[in-house]
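Coordinates from target-v1.pdb are shown below (PDB, N, CA, C and O atoms).
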ATOM      1  N   MET A   1       0.802  -1.185   0.000
ATOM      2  CA  MET A   1       0.000   0.000   0.000
ATOM      3  C   MET A   1       0.852   1.260   0.000
ATOM      4  O   MET A   1       0.513   2.222  -0.663
ATOM      5  N   ASP A   2       1.923   1.250   0.773
ATOM      6  CA  ASP A   2       2.788   2.424   0.826
ATOM      7  C   ASP A   2       3.398   2.738  -0.527
ATOM      8  O   ASP A   2       3.635   3.899  -0.849
ATOM      9  N   TYR A   3       3.634   1.702  -1.343
ATOM     10  CA  TYR A   3       4.239   1.919  -2.650
ATOM     11  C   TYR A   3       3.330   2.785  -3.521
ATOM     12  O   TYR A   3       3.773   3.786  -4.089
ATOM     13  N   VAL A   4       2.066   2.429  -3.613
ATOM     14  CA  VAL A   4       1.117   3.188  -4.434
ATOM     15  C   VAL A   4       0.936   4.586  -3.858
ATOM     16  O   VAL A   4       0.920   5.581  -4.587
ATOM     17  N   GLN A   5       0.819   4.660  -2.549
ATOM     18  CA  GLN A   5       0.621   5.957  -1.895
ATOM     19  C   GLN A   5       1.832   6.872  -2.117
ATOM     20  O   GLN A   5       1.671   8.059  -2.366
ATOM     21  N   SER A   6       3.040   6.339  -2.043
ATOM     22  CA  SER A   6       4.229   7.164  -2.236
ATOM     23  C   SER A   6       4.301   7.680  -3.673
ATOM     24  O   SER A   6       4.705   8.816  -3.899
ATOM     25  N   LYS A   7       3.920   6.856  -4.637
ATOM     26  CA  LYS A   7       3.912   7.301  -6.035
ATOM     27  C   LYS A   7       2.891   8.411  -6.244
ATOM     28  O   LYS A   7       3.146   9.383  -6.946
ATOM     29  N   THR A   8       1.733   8.279  -5.618
ATOM     30  CA  THR A   8       0.679   9.282  -5.743
ATOM     31  C   THR A   8       1.097  10.610  -5.116
ATOM     32  O   THR A   8       0.788  11.681  -5.645
ATOM     33  N   MET A   9       1.825  10.547  -3.997
ATOM     34  CA  MET A   9       2.216  11.760  -3.272
ATOM     35  C   MET A   9       3.566  12.312  -3.726
ATOM     36  O   MET A   9       4.024  13.322  -3.193
ATOM     37  N   ASN A  10       4.226  11.644  -4.676
ATOM     38  CA  ASN A  10       5.516  12.071  -5.211
ATOM     39  C   ASN A  10       6.601  12.135  -4.130
ATOM     40  O   ASN A  10       7.323  13.119  -3.998
ATOM     41  N   VAL A  11       6.671  11.040  -3.337
ATOM     42  CA  VAL A  11       7.719  10.908  -2.331
ATOM     43  C   VAL A  11       8.389   9.542  -2.496
ATOM     44  O   VAL A  11       7.827   8.623  -3.087
ATOM     45  N   LEU A  12       9.593   9.440  -1.984
ATOM     46  CA  LEU A  12      10.308   8.164  -1.934
ATOM     47  C   LEU A  12      10.121   7.598  -0.536
ATOM     48  O   LEU A  12      10.447   8.259   0.449
ATOM     49  N   ALA A  13       9.574   6.405  -0.445
ATOM     50  CA  ALA A  13       9.346   5.756   0.849
ATOM     51  C   ALA A  13      10.085   4.427   0.857
ATOM     52  O   ALA A  13       9.790   3.550   0.046
ATOM     53  N   ILE A  14      11.052   4.298   1.752
ATOM     54  CA  ILE A  14      11.839   3.066   1.860
ATOM     55  C   ILE A  14      11.549   2.431   3.208
ATOM     56  O   ILE A  14      11.775   3.043   4.260
ATOM     57  N   ARG A  15      11.044   1.198   3.178
ATOM     58  CA  ARG A  15      10.747   0.466   4.416
ATOM     59  C   ARG A  15      12.048  -0.057   5.011
ATOM     60  O   ARG A  15      12.817  -0.752   4.350
ATOM     61  N   LEU A  16      12.303   0.279   6.248
ATOM     62  CA  LEU A  16      13.479  -0.176   6.971
ATOM     63  C   LEU A  16      13.123  -1.431   7.764
ATOM     64  O   LEU A  16      11.943  -1.764   7.908
ATOM     65  N   PRO A  17      14.116  -2.146   8.296
ATOM     66  CA  PRO A  17      13.793  -3.335   9.095
ATOM     67  C   PRO A  17      12.777  -2.992  10.197
ATOM     68  O   PRO A  17      12.958  -2.023  10.932
ATOM     69  N   SER A  18      11.717  -3.762  10.255
ATOM     70  CA  SER A  18      10.613  -3.500  11.164
ATOM     71  C   SER A  18      10.277  -4.763  11.951
ATOM     72  O   SER A  18      10.828  -5.825  11.679
ATOM     73  N   GLU A  19       9.362  -4.639  12.910
ATOM     74  CA  GLU A  19       9.043  -5.774  13.780
ATOM     75  C   GLU A  19       7.526  -5.941  13.903
ATOM     76  O   GLU A  19       6.810  -5.000  14.233
ATOM     77  N   THR A  20       7.072  -7.148  13.612
ATOM     78  CA  THR A  20       5.660  -7.490  13.757
ATOM     79  C   THR A  20       5.560  -8.835  14.453
ATOM     80  O   THR A  20       6.316  -9.750  14.151
ATOM     81  N   HIS A  21       4.645  -8.950  15.401
ATOM     82  CA  HIS A  21       4.447 -10.204  16.137
ATOM     83  C   HIS A  21       3.138 -10.843  15.712
ATOM     84  O   HIS A  21       2.129 -10.165  15.572
ATOM     85  N   PHE A  22       3.178 -12.151  15.530
ATOM     86  CA  PHE A  22       1.974 -12.930  15.251
ATOM     87  C   PHE A  22       1.837 -13.968  16.354
ATOM     88  O   PHE A  22       2.825 -14.562  16.780
ATOM     89  N   SER A  23       0.628 -14.193  16.806
ATOM     90  CA  SER A  23       0.411 -15.189  17.855
ATOM     91  C   SER A  23      -0.947 -15.855  17.667
ATOM     92  O   SER A  23      -1.800 -15.369  16.934
ATOM     93  N   SER A  24      -1.094 -16.963  18.334
ATOM     94  CA  SER A  24      -2.347 -17.716  18.305
ATOM     95  C   SER A  24      -3.022 -17.561  19.661
ATOM     96  O   SER A  24      -2.390 -17.719  20.697
ATOM     97  N   GLU A  25      -4.304 -17.232  19.626
ATOM     98  CA  GLU A  25      -5.060 -17.085  20.866
ATOM     99  C   GLU A  25      -5.864 -18.358  21.127
ATOM    100  O   GLU A  25      -6.189 -19.090  20.198
ATOM    101  N   VAL A  26      -6.168 -18.612  22.372
ATOM    102  CA  VAL A  26      -6.968 -19.782  22.728
ATOM    103  C   VAL A  26      -8.168 -19.336  23.571
ATOM    104  O   VAL A  26      -8.114 -18.329  24.262
ATOM    105  N   SER A  27      -9.226 -20.105  23.485
ATOM    106  CA  SER A  27     -10.415 -19.879  24.313
ATOM    107  C   SER A  27     -10.563 -21.062  25.264
ATOM    108  O   SER A  27     -10.471 -22.216  24.843
ATOM    109  N   VAL A  28     -10.774 -20.771  26.523
ATOM    110  CA  VAL A  28     -10.919 -21.822  27.534
ATOM    111  C   VAL A  28     -12.357 -21.800  28.045
ATOM    112  O   VAL A  28     -12.840 -20.772  28.526
ATOM    113  N   ALA A  29     -13.040 -22.927  27.918
ATOM    114  CA  ALA A  29     -14.400 -23.066  28.464
ATOM    115  C   ALA A  29     -14.283 -23.595  29.884
ATOM    116  O   ALA A  29     -13.586 -24.576  30.139
ATOM    117  N   LYS A  30     -14.961 -22.924  30.799
ATOM    118  CA  LYS A  30     -14.884 -23.317  32.208
ATOM    119  C   LYS A  30     -16.267 -23.673  32.738
ATOM    120  O   LYS A  30     -17.272 -23.143  32.287
ATOM    121  N   ALA A  31     -16.279 -24.563  33.705
ATOM    122  CA  ALA A  31     -17.503 -24.898  34.430
ATOM    123  C   ALA A  31     -17.191 -24.802  35.918
ATOM    124  O   ALA A  31     -16.281 -25.472  36.408
ATOM    125  N   PHE A  32     -17.876 -23.911  36.592
ATOM    126  CA  PHE A  32     -17.643 -23.678  38.023
ATOM    127  C   PHE A  32     -16.180 -23.318  38.309
ATOM    128  O   PHE A  32     -15.593 -23.749  39.296
ATOM    129  N   GLY A  33     -15.571 -22.548  37.377
ATOM    130  CA  GLY A  33     -14.204 -22.087  37.552
ATOM    131  C   GLY A  33     -13.137 -23.067  37.132
ATOM    132  O   GLY A  33     -11.961 -22.738  37.125
ATOM    133  N   ALA A  34     -13.500 -24.281  36.763
ATOM    134  CA  ALA A  34     -12.515 -25.292  36.337
ATOM    135  C   ALA A  34     -12.506 -25.378  34.815
ATOM    136  O   ALA A  34     -13.558 -25.423  34.181
ATOM    137  N   PRO A  35     -11.330 -25.382  34.205
ATOM    138  CA  PRO A  35     -11.261 -25.493  32.745
ATOM    139  C   PRO A  35     -11.792 -26.840  32.269
ATOM    140  O   PRO A  35     -11.446 -27.883  32.819
ATOM    141  N   MET A  36     -12.668 -26.797  31.268
ATOM    142  CA  MET A  36     -13.278 -28.017  30.739
ATOM    143  C   MET A  36     -12.768 -28.353  29.335
ATOM    144  O   MET A  36     -12.606 -29.513  29.002
ATOM    145  N   SER A  37     -12.560 -27.321  28.514
ATOM    146  CA  SER A  37     -12.060 -27.558  27.162
ATOM    147  C   SER A  37     -11.337 -26.319  26.662
ATOM    148  O   SER A  37     -11.497 -25.230  27.203
ATOM    149  N   ILE A  38     -10.552 -26.526  25.629
ATOM    150  CA  ILE A  38      -9.792 -25.441  25.034
ATOM    151  C   ILE A  38      -9.971 -25.513  23.520
ATOM    152  O   ILE A  38     -10.056 -26.596  22.951
ATOM    153  N   SER A  39     -10.076 -24.337  22.883
ATOM    154  CA  SER A  39     -10.212 -24.292  21.433
ATOM    155  C   SER A  39      -9.495 -23.061  20.888
ATOM    156  O   SER A  39      -9.183 -22.134  21.636
ATOM    157  N   SER A  40      -9.260 -23.091  19.611
ATOM    158  CA  SER A  40      -8.564 -21.981  18.962
ATOM    159  C   SER A  40      -9.446 -20.747  18.964
ATOM    160  O   SER A  40     -10.616 -20.801  18.589
ATOM    161  N   GLY A  41      -8.884 -19.651  19.411
ATOM    162  CA  GLY A  41      -9.630 -18.397  19.447
ATOM    163  C   GLY A  41      -9.285 -17.472  18.305
ATOM    164  O   GLY A  41      -9.820 -16.395  18.172
ATOM    165  N   GLY A  42      -8.347 -17.863  17.444
ATOM    166  CA  GLY A  42      -7.971 -17.036  16.306
ATOM    167  C   GLY A  42      -6.522 -16.610  16.365
ATOM    168  O   GLY A  42      -5.758 -17.018  17.240
ATOM    169  N   LEU A  43      -6.163 -15.783  15.423
ATOM    170  CA  LEU A  43      -4.793 -15.284  15.327
ATOM    171  C   LEU A  43      -4.754 -13.815  15.705
ATOM    172  O   LEU A  43      -5.724 -13.087  15.506
ATOM    173  N   ALA A  44      -3.630 -13.380  16.226
ATOM    174  CA  ALA A  44      -3.447 -11.976  16.586
ATOM    175  C   ALA A  44      -2.185 -11.455  15.907
ATOM    176  O   ALA A  44      -1.222 -12.188  15.712
ATOM    177  N   MET A  45      -2.234 -10.187  15.505
ATOM    178  CA  MET A  45      -1.094  -9.548  14.867
ATOM    179  C   MET A  45      -0.857  -8.205  15.545
ATOM    180  O   MET A  45      -1.816  -7.471  15.824
ATOM    181  N   ASP A  46       0.396  -7.885  15.811
ATOM    182  CA  ASP A  46       0.741  -6.605  16.424
ATOM    183  C   ASP A  46       1.980  -6.061  15.741
ATOM    184  O   ASP A  46       3.050  -6.661  15.823
ATOM    185  N   ALA A  47       1.829  -4.944  15.049
ATOM    186  CA  ALA A  47       2.960  -4.298  14.393
ATOM    187  C   ALA A  47       3.607  -3.363  15.412
ATOM    188  O   ALA A  47       3.177  -2.228  15.596
ATOM    189  N   ASP A  48       4.630  -3.870  16.103
ATOM    190  CA  ASP A  48       5.275  -3.102  17.165
ATOM    191  C   ASP A  48       6.100  -1.937  16.639
ATOM    192  O   ASP A  48       6.128  -0.872  17.224
ATOM    193  N   ARG A  49       6.789  -2.169  15.543
ATOM    194  CA  ARG A  49       7.697  -1.137  15.054
ATOM    195  C   ARG A  49       7.755  -1.205  13.538
ATOM    196  O   ARG A  49       8.286  -2.152  12.971
ATOM    197  N   ILE A  50       7.199  -0.198  12.895
ATOM    198  CA  ILE A  50       7.259  -0.100  11.446
ATOM    199  C   ILE A  50       8.047   1.166  11.118
ATOM    200  O   ILE A  50       7.608   2.273  11.429
ATOM    201  N   MET A  51       9.208   0.981  10.542
ATOM    202  CA  MET A  51      10.084   2.119  10.247
ATOM    203  C   MET A  51      10.151   2.353   8.742
ATOM    204  O   MET A  51      10.391   1.426   7.972
ATOM    205  N   THR A  52       9.937   3.599   8.339
ATOM    206  CA  THR A  52       9.994   3.977   6.939
ATOM    207  C   THR A  52      10.745   5.290   6.817
ATOM    208  O   THR A  52      10.527   6.214   7.603
ATOM    209  N   MET A  53      11.630   5.366   5.830
ATOM    210  CA  MET A  53      12.323   6.606   5.536
ATOM    211  C   MET A  53      11.608   7.250   4.353
ATOM    212  O   MET A  53      11.393   6.594   3.325
ATOM    213  N   VAL A  54      11.210   8.512   4.492
ATOM    214  CA  VAL A  54      10.454   9.190   3.435
ATOM    215  C   VAL A  54      11.133  10.497   3.081
ATOM    216  O   VAL A  54      11.515  11.271   3.952
ATOM    217  N   LYS A  55      11.266  10.741   1.781
ATOM    218  CA  LYS A  55      11.868  11.977   1.278
ATOM    219  C   LYS A  55      11.055  12.457   0.092
ATOM    220  O   LYS A  55      10.709  11.680  -0.794
ATOM    221  N   SER A  56      10.720  13.731   0.085
ATOM    222  CA  SER A  56       9.969  14.315  -1.018
ATOM    223  C   SER A  56      10.900  14.562  -2.198
ATOM    224  O   SER A  56      12.030  15.012  -2.031
ATOM    225  N   PHE A  57      10.426  14.255  -3.396
ATOM    226  CA  PHE A  57      11.242  14.475  -4.590
ATOM    227  C   PHE A  57      11.430  15.955  -4.907
ATOM    228  O   PHE A  57      12.435  16.339  -5.495
ATOM    229  N   ASP A  58      10.476  16.797  -4.504
ATOM    230  CA  ASP A  58      10.579  18.219  -4.818
ATOM    231  C   ASP A  58      11.038  19.073  -3.629
ATOM    232  O   ASP A  58      11.036  20.295  -3.695
ATOM    233  N   GLY A  59      11.420  18.436  -2.521
ATOM    234  CA  GLY A  59      11.928  19.173  -1.361
ATOM    235  C   GLY A  59      10.864  19.714  -0.435
ATOM    236  O   GLY A  59      11.183  20.369   0.556
ATOM    237  N   ASP A  60       9.596  19.462  -0.703
ATOM    238  CA  ASP A  60       8.499  19.925   0.146
ATOM    239  C   ASP A  60       8.511  19.134   1.453
ATOM    240  O   ASP A  60       8.322  17.927   1.463
ATOM    241  N   THR A  61       8.731  19.815   2.573
ATOM    242  CA  THR A  61       8.838  19.144   3.870
ATOM    243  C   THR A  61       7.482  18.704   4.425
ATOM    244  O   THR A  61       7.433  17.932   5.382
ATOM    245  N   GLU A  62       6.392  19.170   3.857
ATOM    246  CA  GLU A  62       5.060  18.775   4.319
ATOM    247  C   GLU A  62       4.629  17.427   3.749
ATOM    248  O   GLU A  62       3.844  16.712   4.368
ATOM    249  N   LYS A  63       5.132  17.061   2.590
ATOM    250  CA  LYS A  63       4.715  15.803   1.957
ATOM    251  C   LYS A  63       5.055  14.572   2.796
ATOM    252  O   LYS A  63       4.216  13.686   2.946
ATOM    253  N   PRO A  64       6.279  14.469   3.347
ATOM    254  CA  PRO A  64       6.552  13.306   4.206
ATOM    255  C   PRO A  64       5.630  13.241   5.420
ATOM    256  O   PRO A  64       5.180  12.163   5.800
ATOM    257  N   LYS A  65       5.312  14.377   6.009
ATOM    258  CA  LYS A  65       4.398  14.402   7.155
ATOM    259  C   LYS A  65       3.028  13.882   6.745
ATOM    260  O   LYS A  65       2.419  13.071   7.454
ATOM    261  N   GLN A  66       2.529  14.352   5.602
ATOM    262  CA  GLN A  66       1.224  13.897   5.118
ATOM    263  C   GLN A  66       1.252  12.413   4.766
ATOM    264  O   GLN A  66       0.287  11.701   4.999
ATOM    265  N   PHE A  67       2.382  11.947   4.219
ATOM    266  CA  PHE A  67       2.516  10.529   3.903
ATOM    267  C   PHE A  67       2.416   9.686   5.170
ATOM    268  O   PHE A  67       1.704   8.689   5.203
ATOM    269  N   PHE A  68       3.132  10.085   6.222
ATOM    270  CA  PHE A  68       3.100   9.326   7.477
ATOM    271  C   PHE A  68       1.698   9.304   8.086
ATOM    272  O   PHE A  68       1.244   8.272   8.589
ATOM    273  N   LEU A  69       1.000  10.430   8.073
ATOM    274  CA  LEU A  69      -0.362  10.473   8.618
ATOM    275  C   LEU A  69      -1.283   9.542   7.833
ATOM    276  O   LEU A  69      -2.046   8.760   8.413
ATOM    277  N   SER A  70      -1.205   9.608   6.521
ATOM    278  CA  SER A  70      -2.064   8.782   5.677
ATOM    279  C   SER A  70      -1.695   7.305   5.770
ATOM    280  O   SER A  70      -2.559   6.433   5.893
ATOM    281  N   SER A  71      -0.404   7.013   5.739
ATOM    282  CA  SER A  71       0.066   5.629   5.809
ATOM    283  C   SER A  71      -0.292   4.996   7.156
ATOM    284  O   SER A  71      -0.712   3.842   7.212
ATOM    285  N   GLY A  72      -0.140   5.748   8.227
ATOM    286  CA  GLY A  72      -0.477   5.233   9.558
ATOM    287  C   GLY A  72      -1.954   4.923   9.693
ATOM    288  O   GLY A  72      -2.338   3.888  10.230
ATOM    289  N   SER A  73      -2.795   5.820   9.179
ATOM    290  CA  SER A  73      -4.243   5.595   9.238
ATOM    291  C   SER A  73      -4.645   4.385   8.403
ATOM    292  O   SER A  73      -5.449   3.558   8.836
ATOM    293  N   THR A  74      -4.076   4.279   7.213
ATOM    294  CA  THR A  74      -4.393   3.147   6.334
ATOM    295  C   THR A  74      -3.928   1.841   6.951
ATOM    296  O   THR A  74      -4.672   0.846   6.964
ATOM    297  N   GLY A  75      -2.704   1.815   7.474
ATOM    298  CA  GLY A  75      -2.180   0.600   8.103
ATOM    299  C   GLY A  75      -2.998   0.175   9.302
ATOM    300  O   GLY A  75      -3.248  -1.020   9.507
ATOM    301  N   SER A  76      -3.439   1.128  10.087
ATOM    302  CA  SER A  76      -4.259   0.820  11.253
ATOM    303  C   SER A  76      -5.608   0.248  10.829
ATOM    304  O   SER A  76      -6.092  -0.742  11.403
ATOM    305  N   ALA A  77      -6.212   0.833   9.812
ATOM    306  CA  ALA A  77      -7.507   0.343   9.327
ATOM    307  C   ALA A  77      -7.381  -1.081   8.772
ATOM    308  O   ALA A  77      -8.233  -1.930   9.035
ATOM    309  N   VAL A  78      -6.314  -1.344   8.037
ATOM    310  CA  VAL A  78      -6.120  -2.679   7.482
ATOM    311  C   VAL A  78      -5.898  -3.692   8.610
ATOM    312  O   VAL A  78      -6.438  -4.795   8.597
ATOM    313  N   GLY A  79      -5.102  -3.328   9.604
ATOM    314  CA  GLY A  79      -4.860  -4.203  10.745
ATOM    315  C   GLY A  79      -6.135  -4.557  11.493
ATOM    316  O   GLY A  79      -6.366  -5.695  11.873
ATOM    317  N   HIS A  80      -7.004  -3.570  11.692
ATOM    318  CA  HIS A  80      -8.262  -3.809  12.414
ATOM    319  C   HIS A  80      -9.242  -4.622  11.580
ATOM    320  O   HIS A  80     -10.081  -5.327  12.124
ATOM    321  N   SER A  81      -9.159  -4.494  10.255
ATOM    322  CA  SER A  81     -10.104  -5.236   9.403
ATOM    323  C   SER A  81      -9.776  -6.724   9.320
ATOM    324  O   SER A  81     -10.592  -7.508   8.857
ATOM    325  N   MET A  82      -8.613  -7.129   9.794
ATOM    326  CA  MET A  82      -8.199  -8.521   9.730
ATOM    327  C   MET A  82      -8.855  -9.376  10.805
ATOM    328  O   MET A  82      -8.706 -10.569  10.817
ATOM    329  N   ARG A  83      -9.522  -8.805  11.726
ATOM    330  CA  ARG A  83     -10.128  -9.580  12.809
ATOM    331  C   ARG A  83     -11.351 -10.305  12.361
ATOM    332  O   ARG A  83     -12.083 -10.110  11.578
TER     333      ARG A  83
END
Please rewrite the model in this file as structure tokens.
Amino acid sequence: MDYVQSKTMNVLAIRLPSETHFSSEVSVAKAFGAPMSISSGGLAMDADRIMTMVKSFDGDTEKPKQFFLSSGSTGSAVGHSMR
């Protein structure tokens, strides 16, 4: 997504090494406080650190700021839609 967005905004966006965690959740069914069964509750994803270097091709210092705001909102929306 950042690739298309960077082309549209006329900026260079380079993704640097980043960190994302994936995990499996479980659901525990209990009866009178004692666990009775366990089942898969789904997958979880957490993007702890996403680093991107952004530079405007025309020297406009506002474009990288706008790119980060837009990219962050889009990434957050995509992350939430995965549930």
> Per DSSP on the backbone, what are the helix (DSSP H, G or I) residues of stretch 17-67 of chain A, as a ChimeraX atom specification?
Replying inline: /A:62-67
Could you save the residues just selected, with N, CA, C and O atoms, as a compact mmCIF listing (two decimals), in the coordinates of the input?
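Produced file out-v7.txt, reproduced below:
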# COMPACT_ATOMS: atom_id res chain seq x y z
N GLU A 62 6.39 19.17 3.86
CA GLU A 62 5.06 18.77 4.32
C GLU A 62 4.63 17.43 3.75
O GLU A 62 3.84 16.71 4.37
N LYS A 63 5.13 17.06 2.59
CA LYS A 63 4.72 15.80 1.96
C LYS A 63 5.06 14.57 2.80
O LYS A 63 4.22 13.69 2.95
N PRO A 64 6.28 14.47 3.35
CA PRO A 64 6.55 13.31 4.21
C PRO A 64 5.63 13.24 5.42
O PRO A 64 5.18 12.16 5.80
N LYS A 65 5.31 14.38 6.01
CA LYS A 65 4.40 14.40 7.16
C LYS A 65 3.03 13.88 6.74
O LYS A 65 2.42 13.07 7.45
N GLN A 66 2.53 14.35 5.60
CA GLN A 66 1.22 13.90 5.12
C GLN A 66 1.25 12.41 4.77
O GLN A 66 0.29 11.70 5.00
N PHE A 67 2.38 11.95 4.22
CA PHE A 67 2.52 10.53 3.90
C PHE A 67 2.42 9.69 5.17
O PHE A 67 1.70 8.69 5.20
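Note that atom CA of A:Asp48 and atom N of A:Val28 are 25.6 Å apart.
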>> Take the PyMOL selection byres ((chain A and resi 16-25) around 5), run it mentally on this structure, and tell me the resulting residues as JSON, numbers by chain.
In response: {"A": [14, 15, 26, 27, 39, 40, 41, 42, 43, 44, 45, 46, 47, 48, 49, 50, 51, 52]}
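The two atoms in question, atom CA of A:Gly79 and atom CA of A:Ala29, are spaced 27.6 Å apart.
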> In terms of the shortest atom-to-atom distance over only N, CA, C and O atoms, which of A:Ala31, A:Val11, A:Val78, A:Val4 is closest to A:Asp58?
Replying inline: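 Ranking A:Ala31, A:Val11, A:Val78, A:Val4 by distance to A:Asp58, first place goes to A:Val11.
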>> Can you spell out as number ranges by chain the set of residues that the PyMOL selection byres ((chain A and resi 54) around 4.5) selects in the structure I just provided?
In response: A: 12-13, 52-53, 55-56
> Counting all atoms listed in the file, which residues come within 8 Å of (1.4, 7.7, 3.4), with the point read in the file's coordinates, and could you list them as a PyMOL selection string?
Replying inline: chain A and resi 1-6+9+63-74
Write a file of the selected residues as a PDB file, keeping the file's coordinate frame, keeping N, CA, C and O atoms.
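The resulting file, part_11.pdb, is reproduced below:
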ATOM      1  N   MET A   1       0.802  -1.185   0.000  1.00  0.00           N
ATOM      2  CA  MET A   1       0.000   0.000   0.000  1.00  0.00           C
ATOM      3  C   MET A   1       0.852   1.260   0.000  1.00  0.00           C
ATOM      4  O   MET A   1       0.513   2.222  -0.663  1.00  0.00           O
ATOM      5  N   ASP A   2       1.923   1.250   0.773  1.00  0.00           N
ATOM      6  CA  ASP A   2       2.788   2.424   0.826  1.00  0.00           C
ATOM      7  C   ASP A   2       3.398   2.738  -0.527  1.00  0.00           C
ATOM      8  O   ASP A   2       3.635   3.899  -0.849  1.00  0.00           O
ATOM      9  N   TYR A   3       3.634   1.702  -1.343  1.00  0.00           N
ATOM     10  CA  TYR A   3       4.239   1.919  -2.650  1.00  0.00           C
ATOM     11  C   TYR A   3       3.330   2.785  -3.521  1.00  0.00           C
ATOM     12  O   TYR A   3       3.773   3.786  -4.089  1.00  0.00           O
ATOM     13  N   VAL A   4       2.066   2.429  -3.613  1.00  0.00           N
ATOM     14  CA  VAL A   4       1.117   3.188  -4.434  1.00  0.00           C
ATOM     15  C   VAL A   4       0.936   4.586  -3.858  1.00  0.00           C
ATOM     16  O   VAL A   4       0.920   5.581  -4.587  1.00  0.00           O
ATOM     17  N   GLN A   5       0.819   4.660  -2.549  1.00  0.00           N
ATOM     18  CA  GLN A   5       0.621   5.957  -1.895  1.00  0.00           C
ATOM     19  C   GLN A   5       1.832   6.872  -2.117  1.00  0.00           C
ATOM     20  O   GLN A   5       1.671   8.059  -2.366  1.00  0.00           O
ATOM     21  N   SER A   6       3.040   6.339  -2.043  1.00  0.00           N
ATOM     22  CA  SER A   6       4.229   7.164  -2.236  1.00  0.00           C
ATOM     23  C   SER A   6       4.301   7.680  -3.673  1.00  0.00           C
ATOM     24  O   SER A   6       4.705   8.816  -3.899  1.00  0.00           O
ATOM     25  N   MET A   9       1.825  10.547  -3.997  1.00  0.00           N
ATOM     26  CA  MET A   9       2.216  11.760  -3.272  1.00  0.00           C
ATOM     27  C   MET A   9       3.566  12.312  -3.726  1.00  0.00           C
ATOM     28  O   MET A   9       4.024  13.322  -3.193  1.00  0.00           O
ATOM     29  N   LYS A  63       5.132  17.061   2.590  1.00  0.00           N
ATOM     30  CA  LYS A  63       4.715  15.803   1.957  1.00  0.00           C
ATOM     31  C   LYS A  63       5.055  14.572   2.796  1.00  0.00           C
ATOM     32  O   LYS A  63       4.216  13.686   2.946  1.00  0.00           O
ATOM     33  N   PRO A  64       6.279  14.469   3.347  1.00  0.00           N
ATOM     34  CA  PRO A  64       6.552  13.306   4.206  1.00  0.00           C
ATOM     35  C   PRO A  64       5.630  13.241   5.420  1.00  0.00           C
ATOM     36  O   PRO A  64       5.180  12.163   5.800  1.00  0.00           O
ATOM     37  N   LYS A  65       5.312  14.377   6.009  1.00  0.00           N
ATOM     38  CA  LYS A  65       4.398  14.402   7.155  1.00  0.00           C
ATOM     39  C   LYS A  65       3.028  13.882   6.745  1.00  0.00           C
ATOM     40  O   LYS A  65       2.419  13.071   7.454  1.00  0.00           O
ATOM     41  N   GLN A  66       2.529  14.352   5.602  1.00  0.00           N
ATOM     42  CA  GLN A  66       1.224  13.897   5.118  1.00  0.00           C
ATOM     43  C   GLN A  66       1.252  12.413   4.766  1.00  0.00           C
ATOM     44  O   GLN A  66       0.287  11.701   4.999  1.00  0.00           O
ATOM     45  N   PHE A  67       2.382  11.947   4.219  1.00  0.00           N
ATOM     46  CA  PHE A  67       2.516  10.529   3.903  1.00  0.00           C
ATOM     47  C   PHE A  67       2.416   9.686   5.170  1.00  0.00           C
ATOM     48  O   PHE A  67       1.704   8.689   5.203  1.00  0.00           O
ATOM     49  N   PHE A  68       3.132  10.085   6.222  1.00  0.00           N
ATOM     50  CA  PHE A  68       3.100   9.326   7.477  1.00  0.00           C
ATOM     51  C   PHE A  68       1.698   9.304   8.086  1.00  0.00           C
ATOM     52  O   PHE A  68       1.244   8.272   8.589  1.00  0.00           O
ATOM     53  N   LEU A  69       1.000  10.430   8.073  1.00  0.00           N
ATOM     54  CA  LEU A  69      -0.362  10.473   8.618  1.00  0.00           C
ATOM     55  C   LEU A  69      -1.283   9.542   7.833  1.00  0.00           C
ATOM     56  O   LEU A  69      -2.046   8.760   8.413  1.00  0.00           O
ATOM     57  N   SER A  70      -1.205   9.608   6.521  1.00  0.00           N
ATOM     58  CA  SER A  70      -2.064   8.782   5.677  1.00  0.00           C
ATOM     59  C   SER A  70      -1.695   7.305   5.770  1.00  0.00           C
ATOM     60  O   SER A  70      -2.559   6.433   5.893  1.00  0.00           O
ATOM     61  N   SER A  71      -0.404   7.013   5.739  1.00  0.00           N
ATOM     62  CA  SER A  71       0.066   5.629   5.809  1.00  0.00           C
ATOM     63  C   SER A  71      -0.292   4.996   7.156  1.00  0.00           C
ATOM     64  O   SER A  71      -0.712   3.842   7.212  1.00  0.00           O
ATOM     65  N   GLY A  72      -0.140   5.748   8.227  1.00  0.00           N
ATOM     66  CA  GLY A  72      -0.477   5.233   9.558  1.00  0.00           C
ATOM     67  C   GLY A  72      -1.954   4.923   9.693  1.00  0.00           C
ATOM     68  O   GLY A  72      -2.338   3.888  10.230  1.00  0.00           O
ATOM     69  N   SER A  73      -2.795   5.820   9.179  1.00  0.00           N
ATOM     70  CA  SER A  73      -4.243   5.595   9.238  1.00  0.00           C
ATOM     71  C   SER A  73      -4.645   4.385   8.403  1.00  0.00           C
ATOM     72  O   SER A  73      -5.449   3.558   8.836  1.00  0.00           O
ATOM     73  N   THR A  74      -4.076   4.279   7.213  1.00  0.00           N
ATOM     74  CA  THR A  74      -4.393   3.147   6.334  1.00  0.00           C
ATOM     75  C   THR A  74      -3.928   1.841   6.951  1.00  0.00           C
ATOM     76  O   THR A  74      -4.672   0.846   6.964  1.00  0.00           O
TER      77      THR A  74
END
> So how many Å separate atom C of A:Gly75 and atom N of A:Asn10, to one decimal?
Replying inline: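 Value for the atom C of A:Gly75-atom N of A:Asn10 distance: 19.5 Å.
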>> Residues of chain A classed as strand (DSSP E or B) by DSSP on the backbone are to be reported as a PyMOL selection string.
In response: chain A and resi 11-15+19-31+34-49+52-56
Test item: axis-aligned box, all listed atoms of stretch 28-36 of chain A, 4 Å on each side, centre and edges in Å rounded to one decimal, as lines of an AutoDock Vina configuration file:
center_x = -14.3
center_y = -25.1
center_z = 32.9
size_x = 15.1
size_y = 16.7
size_z = 20.8
